Structures are given as C-alpha cells and as structure tokens.
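Asker: Encoded as structure tokens, here's the structure I'll be asking about.
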Amino acid sequence: MRRFAALIDRLIYTRSRNSKLALIVDYLRHTPDPDRGWAIAALTESLDFPAVKAGTVRALLATRVDEELFRLSRHFVGDTAETAALLWPGAPGKEADVSVSEAVDALAATSRSDAPAVVASLLDRLDADGRYALLKLALGGMRVGVSARLAKQAFAQAFDVAIDDVEELWHAIAPPYAPLFAWGEGRAERPDLADVAFFRPFMLAHPLEGEGVDLSDYAAEWKWDGIRVQIVRGGSETRIYSRGGEEIGGAFPELVAAFDQDAVIDGELLVRGEVQGGEAASFNALQQRLGRKTVSKKMLADYPAFVRVYDLLAVDGDDLRGLPWTERRRQLEAFVPRLADSHFDLSQVIDAADFDDLAERRAGARDAAIEGVMLKRRDAPYVAGRRAGLWYKWKRDPLTADCVMMYAQRGNGRRASFYSDYTFGCWSETGELLPVGKAYSGFTDDELKWLDKFVRDNTLNRFGPVREVEKSLVLEVAFDSIHSSKRHKSGLAMRFPRISRIRRDKPAEEADRIATLQAMVT
Amino acid sequence: MAKVKSWIEPHPGGIYVKPADLWIDPSRPVGRAAVTHGHADHARSGHGSVFATPETLAIMALRYGVDAGASHNQAFVYGDGFERGGVRFSFHPAGHVLGSAQILMEYAGERIVVTGDYKRRADPTCAPFEVVPCDIFVTEATFGLPVFRHPPTEGEIAKLIGAVRAEPDRSVLVGAYALGKAQRVIAELRGAGWDAPIYIHGALEKMCELYAAHGVDLGELRLVSDTDKAGMAGQIVLAPPSALGDRWSRRLPDPVTAMASGWMRVRQRARQRMVELPLVISDHADWDELTSTIGEVNPKESWITHGSEDGLLRWCELTQHKARALHLVGRDLEEEA
C-alpha cells in the first residue's frame, strides 16, 4: 500500500496532466501484478465494494474515537476518509504493510456484517497515508484527476504499445488486467478477443474550418443531436459503449435486446420525438434516460430510444474497419434491414449537388435542431481518433465550444441557494485548463438542480461564495462571437455565452482547446 | 490562597494581571506588556514598557524599531524574572521560536503559567519547552484536534531533500514563516547534511541574521535577488508563504512549490494553497503534545486561548481535566503554524 499511497499523494498535489501521466507510467513499470492492476482500477473508479460504505467507516470510528471529536475533525477536514485515516489510533513506527491486492481481496470477500472487523484489521496495519489510500480504495471518490483515458495513455506509454490497441483491450479485460500487463511487457501474445464484445475506439471528426470540401471526395450526413454509441455483439453478449468506452447498456435494455446480429455498429443514440426534423426528441429528453442503472416501464414508454446507424465496423466475424467508407456504406445499407426497424434506422446521406447546395440545406436545417453536418472522406478507412482530412463536423450556428466547468458561484434572488454561475475553461497547448468564460443561463430548472448537485458533490475548494470543482464535467457553451481579450489569461472573451448542453457523456480531456476557440475569433 | 479571578482577568484583547497593572500578549498598545514571543499576533508595537526575553526584545526591535536597550523595556533570561504589585513574573522556555517563553506568575500562593505558543519536539533554533508546575495552565490549541499529529521532522526534511535531488533542473521553493519556521527549516536542513548555500527571499534576510547573531548556525545563505535564475536549479529556496504565488517566484527556475506548516497535514488545505510538496513541519504542539502536556503539568484548571478550543475542551472533559476556553481575538492561526 505504501507505493500506492505515495502515488495517490503525488497525484493529489500534481496539477499538470503530463506530470500525472509520468507518475502513473513510473508506477505501472515498477509495481508487480496484481497490485498495479488493482491500483489503476481504483484510480479510474472502476472498483466497487458493496459491503463497505462511508457509514461503515463512520460506525467503525465511533468504536475507537470519541464521536464529538470525530464530528469536530470531520467538519474541519471536510472528508470522511481523510478524517478517519488521520484519527485512527495507529502504532507509529510499528505498522507492517498491506499489499493493495491483499486489501482488495479482503474487501471483496467480506460481507456487510463482517466489513467493520475486516476494515479495522487492515487499518491497524497501516500508517496514516496508507489508511487514507485504503479508505479511498474501499469507498471510491479518489478525486485525483485520473480518467480512464489518462490511465490507458499511461499504460501505452509505460510499455510502448499503441494506444489504439490499449483502448480495444482495456474494456474487454477485467481488473487487475493481468493478461494486459503480460502483453504489454512482451511476456504473452495480445489477448484474444474473438468471443468478447470489446470496444473499438471511435473515429472522430475535426471541425470544418475555412473553405468547403469537394463532395465527390466527401459524403455528407446529418449530425444528430444525441450521443455517439457503439453497439457490439460478441460471444453471446451485447454491449453499448459511449464515446469514452463506458458501458451504458444497462440504461438501454430495449436496445440490447433488439440488437441480435453478430455485428458492430456506430450510430447516434436518440429518443423519438418531435424536435429533430420531426424524428427525434431534444437532447434533454435523451438525458432522462442516461446514467440510470435500472429503467422503469414508464421511462421506456415516455422516452423510447433508438439508434440512427452511421457505420458498420464488423459483421459476421469480419472486421470492416480497414475498408473505405464507400464499401462500408454499401455493406451498412445491406445490413440495417437485418435489424428491427423499431429501434434502428439508417442515417441518410445528404443528396447535395455541390458544397453550396449543402450549405443551403444546412442553413435550412437549422430550425430542425439538427446539430449540423458530418463530412466523411469516401475513401477513408475507419480509424481511431481524429485524423486530419478524414472526417469533419460542420456544426450549425451559433458557435459552440465544449468547455470544462472549473468554478461555480451561487446566484442571486431565487437562485441564492443554487450554484448557478459557472466559470468554464478550455485546454491550453501545455495541457492546462484556462478559463474562457462564465455563464449563468441556458439550462432548464431541472438541469440547474442537477448542476447544483454536481457542484456540491465535486467541490475541491471553497473560496468564499465560489467553489472550485473537479475538472470533469463538460459543458457545451453556445456564444454569439468570441473576441481577443487582455483581461483573461486565455486571451479570449465570449459574447453572450450560455450553457447549451451538459455533456455528461464527454470526457473532460476531450473538451475543446484554446487554439480551436482562437480560430473562431472575429 | 487568593481567588484566581480576583487577580487575573482574561479579556478578548489579552490577559490582564490586575495587581501588577500589566497585560500579557495584548493585542492593543498598553502601558505595560509582558510578551511571550516575537510573532506579530503576540508582540505588537506601541506599548509603554515591554517585559520579555532578550531574544524577543531583539526581534521586536528588528520588527518595530522597539528600543531593546531603553530603560523602560526589561529583558529576562530563562528562569529569571521580576516582581511587580506582589506578583512574581518569570520566563521559561516554550520551545516555539527563538526567545519564546512561558510566563509563570506567582501571587498569594497561586501559580499561573501562560504558554504563549509552544511545542514539545526538538528544534535546533531554540531552547526546549520546560514543564512548569502550576495551578492554572493557560495553553494554546492551534492544533487542538486529533487529526493533527505531526510526523517526525527528519522525515519531512528528507522529503524536501529528495524532491530537490529528483529534479535537478528545478528549484524547490519552500514557503516558511519569516520568524522561526524559516530558520528552523534551514537549521534542520543543515542537521540533515545539506551543506549547499540556501537561497532566501529578501524578507527573510534580517531575521536570519538575527538568529545567526544569537548563535544559531544557518550556514551559507544567499539572496535570491543576487543570484541568476540558472544558479538556483537544484537548490532550495525559502520565502514567506505570501511570496509563493507572487510574481516574485518567476525569477526561480520552474519552482516546485513546497510549504512548511502543520496545516499541510490536511490534503485539501495543501491543495487550496496550490502546494505541490506539503511539509508537515510546525512550531506548534500537535494534538498528542497538547494533551500529554496538560497531563504532565496536571494543573487544577486549563484555560485554552486560541485555535481549535472545542477539540481540546472535549478531551479535557473526557479525561476529567477542568478547562475553559478564553476566546482571545486577533490570533493569526494561518500563516505561522
């Protein structure tokens, strides 16, 4: 636990992404299995020990420490795990150590009734930093700013393997990822995923800037305002992955049930409704369905989900990703009729005569709440990530940017008890988040309630009325124009910024960069 | 035996000793003040006469231009003291900073000790705390919560040296209070074998000279302002905490920000200060020192002056030590802890 505790401590105090990366790389290289696998799973909040909850720890503390002193201390420290770690009466200098895997095994095996005794015996063997690491491991809420993406990058860097391979394998292998480390260190072949519903890294688009493109080279499709998903059937199971590789099938059981073909598709998850060209409901409706562990019949009936299919990555055991878009499209058109039309339909190619015609249609589509237009190079294979010149997204006006919430402040009057004013930022070239604006409108009352709770649950620091939050929530900010400004560190100032969407599905590191915003400056 | 309340009065602005017409650590200018140590929240300027240790008077002279040699001010070495209005005052080491003293008052068969600020662990820059038996023990409680247990100082110093060696292209900038903490960190570094020159912010210069003049060996110190940027790579730099995020720090080569303070025990506190390398080094007693000292002194009653009074009061209640909180004002808990 000592190495892991030291890693957590360094991560807490390290702000730069590259430095965090270097720390994890070093840890992965120099820590044995299975500790490093469990550790990385803990950092990315991929572990859950149902028998151990914050209440367990509080009750346990009450057996060793005066409740009033615990209350006063908890109030001062602001975090149950840290308070407990500091208060636990240890035997300084006499601690042994507990390996991460030993702790994980003990926590996983315990029952709710045995949990206090198990946790107590572990705490007794650790020093204060070790106790902190153990309690964070057990309770979650690590808050060290390590996303799954960062962990995967660290793995790729530690063992000099391709990030795309890591992305594919990561979600197919469970913690502590022993086959993954064996492969990374060259001790074993790449794990075989033939019978696994594994995640394929998404192909992403650059924003279209400057001149248009020649439609004989690029096909155009509508960009729908839902969330990108990948549906994979492998072995005997079906999984739905979000952009970040998170499995969200639990929230959409009807889609999992309906996808009965041996294939992998890329598409837009939408809810039926009136707004989007009369075919889909607003993003807000879709949000009602996101992030749920169970779904009621009423939810299924009120917000029926479907997928508009963009691409076919694999079918009947063949990987199609190496084929040009034109060929994948041909196979996609043949494939979609094999799916139930109640839940799946084909994204149409826009039949525009030339780029000007497309521009006109895009302008006309603005009211239909379509997010914009996608342009896909006809001869391009399906490749992971954003590659120059292959795919473009051409969003409708107004200007929007995906920003990360940094600070929140309480509002006035009716909103006095709500954190309703948000300062958000974008990434600099050096990987630093710099504030680019502040917005306090654009959301519904329900969204405000959700945002307020997010702020309270993810507070890092309090500065009077302002709270600094965990830099994890992406807000799509709409604004009329953007200008250079000497008043802000980012050198930018937005005109009429407002929150247009809460992008719970988008990882913070994929928010826009300052350079992207600079390109919009007028 | 006189009733205590008849001769000593705790006020929000300090402790008043009636028969002697004298205040201890008053927060406003008074005619006569006995001062426990030189920190600004205990030693203020503008008093008529000051009674203190020679070191504390020298520190006040440096900070406020108080004339240490003037006849209306009186210096007393440890163990020494004076009598006024029937009250016998004497000064005893508190182990907090150079010259820091507990003040013992004896009157009509009753003994009261005011600790000022104190600590129990070793400090190469000042005399160690002495347990002075008394009836009433007036104690600080800066770290009066059981979460505050300062780790061994050597470990924190090793962490600091390790951080400098790990990144030889950078300097490590340690935020340390200008009186006491800075000199102690330097002396601890010397004790750990760090012989290289240590670079200091101009605001620390005079106080370091004062310590050296009182026989505390700080080794070779250099001013940051006299050194070019590249020269400070792989070196340790000390500055007052307020300079950490200041434009001043831009003259250092990509500094790692460290801070030496008892508050660094709590992670979110350290993060709040934008600290990358928290060093839990304090000149105040931690929880175990506070509680064991009350146990050792074993007074009839403890008066708790400032800090987390509630925590220490609760402990006194649980262990059946009679205690009360005084709620003194103007104590600066953040910077020098």
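Going through the structure tokens in order, the chains are called A, B, and so on, while each chain numbers its residues from 1 and the ligands are numbered from 1 in the order shown.
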Enumerate the residues of range 103-220 of chain B with a DSSP assignment of alpha helix (DSSP H), computed from the backbone, and present them as a VMD selection string.
Answerer: chain B and resid 153 to 166 181 to 191 202 to 213
Asker: Select, as JSON, numbers by chain, those residues of chain A with any atom no more than 7 Å from chain B (distances computed using only C-alpha atoms).
Answerer: {"A": [13, 14, 69, 72, 73, 77, 83, 86, 87, 461]}
Asker: Once you have the residues from the selection above, write them out as a compact mmCIF listing (two decimals), in the first residue's frame, restricted to C-alpha atoms.
Answerer:
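As a result, result_23.txt now contains:
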# COMPACT_ATOMS: atom_id res chain seq x y z
CA TYR A 13 -0.73 17.67 -5.47
CA THR A 14 0.18 17.43 -9.14
CA LEU A 69 -14.00 14.67 18.40
CA LEU A 72 -15.29 18.34 15.02
CA SER A 73 -12.47 16.80 13.00
CA VAL A 77 -11.13 18.24 7.28
CA THR A 83 -10.62 12.26 8.77
CA LEU A 86 -5.87 10.69 10.45
CA LEU A 87 -7.91 9.81 13.53
CA ASN A 461 -12.06 24.06 -2.66
Asker: I'd like the neighbourhood of range 253-261 of chain A as a list in words, where a residue qualifies if any of its atoms comes within 7 Å (using only C-alpha atoms), though same-chain residues fewer than 5 positions away should be ignored.
Answerer: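 Here the qualifying residues turn out to be Arg233, Thr238, Arg239, Leu339, Ala340 and His343 of chain A.
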Asker: Save out the residues we just selected, C-alpha atoms, as a PDB file, in the first residue's frame.
Answerer:
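This went into selection-v4.pdb:
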ATOM      1  CA  ARG A 233     -22.333  -8.189 -30.175  1.00  0.00           C
ATOM      2  CA  THR A 238     -24.392  -7.292 -26.484  1.00  0.00           C
ATOM      3  CA  ARG A 239     -22.782  -4.163 -25.128  1.00  0.00           C
ATOM      4  CA  LEU A 339     -32.151  -5.052 -37.514  1.00  0.00           C
ATOM      5  CA  ALA A 340     -35.587  -4.312 -36.056  1.00  0.00           C
ATOM      6  CA  HIS A 343     -35.075   0.508 -32.774  1.00  0.00           C
TER       7      HIS A 343
END
Asker: When you look at His206 in chain A with a cut-off of 9 Å (counting only C-alpha atoms), what residues show up, excluding the ones that are within fewer than 6 positions of it in the same chain? I need them as a list in words.
Answerer: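 Surrounding residues, per the criterion: Arg386, Arg387, Ala388, Gly389, Leu390, Trp391, Tyr392, Lys393 and Trp394 of chain A.
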Asker: Give me, as a ChimeraX atom specification, all polymer residues having an atom no more than 8 Å from range 174-180 of chain B, counting only C-alpha atoms and skipping those fewer than 3 positions away in the same chain.
Answerer: /B:38-39,96-98,125,183-185,203-204,207,236-244,257-261,283,335-336
Asker: Just want the 7 Å neighbourhood of Leu270 in chain A, counted on only C-alpha atoms, with same-chain residues fewer than 6 positions away dropped. Output as a PDB file with C-alpha atoms, in the first residue's frame.
Answerer:
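Dumped to out18.pdb:
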ATOM      1  CA  GLY A 226     -27.841  12.662 -29.381  1.00  0.00           C
ATOM      2  CA  ALA A 280     -36.136  12.659 -32.595  1.00  0.00           C
ATOM      3  CA  LEU A 286     -32.345  11.681 -24.004  1.00  0.00           C
ATOM      4  CA  ALA A 305     -34.736   5.146 -27.545  1.00  0.00           C
ATOM      5  CA  PHE A 306     -33.464   4.223 -30.972  1.00  0.00           C
ATOM      6  CA  VAL A 307     -30.193   4.319 -32.850  1.00  0.00           C
TER       7      VAL A 307
END
Asker: Can you tell me, as a list in words, what residues are no more than 8 Å from Thr56 in chain A when counting only C-alpha atoms, ignoring any on the same chain fewer than 3 positions away?
Answerer: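 Answer for this query is Val52, Lys53, Ala59, Leu60, Ala115 and Pro116 of chain A.
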Asker: So, with only C-alpha atoms as the atoms that count, which of B:Lys322, B:Ile281, B:Ala20, B:Ser249 lies closest to Glu188 in chain B?
Answerer: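 Answer, going by the shortest atom-to-atom distance: B:Ile281.
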Asker: Pick out each residue of range 252-427 of chain A that DSSP on the backbone tags as strand (DSSP E or B); I need them as an MDAnalysis selection string.
Answerer: chainID A and resid 263:276 280 305:315 318:319 344:346 349 372:377 385:386 391:395 399:410 419:427
Asker: At what distance in Å, to one decimal, does CA of Leu169 in chain A lie from CA of Ala188 in chain A?
Answerer: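 Rounded to one decimal, the two atoms are 13.8 Å apart.
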Asker: So how many Å separate CA of Asp225 in chain A and CA of Lys395 in chain A, to one decimal?
Answerer: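 Separating CA of Asp225 in chain A from CA of Lys395 in chain A is a distance of 10.4 Å.
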Asker: To one decimal in Å, tell me the separation between CA of Ala51 in chain A and CA of Val104 in chain A.
Answerer: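 These two atoms are separated by 12.1 Å.
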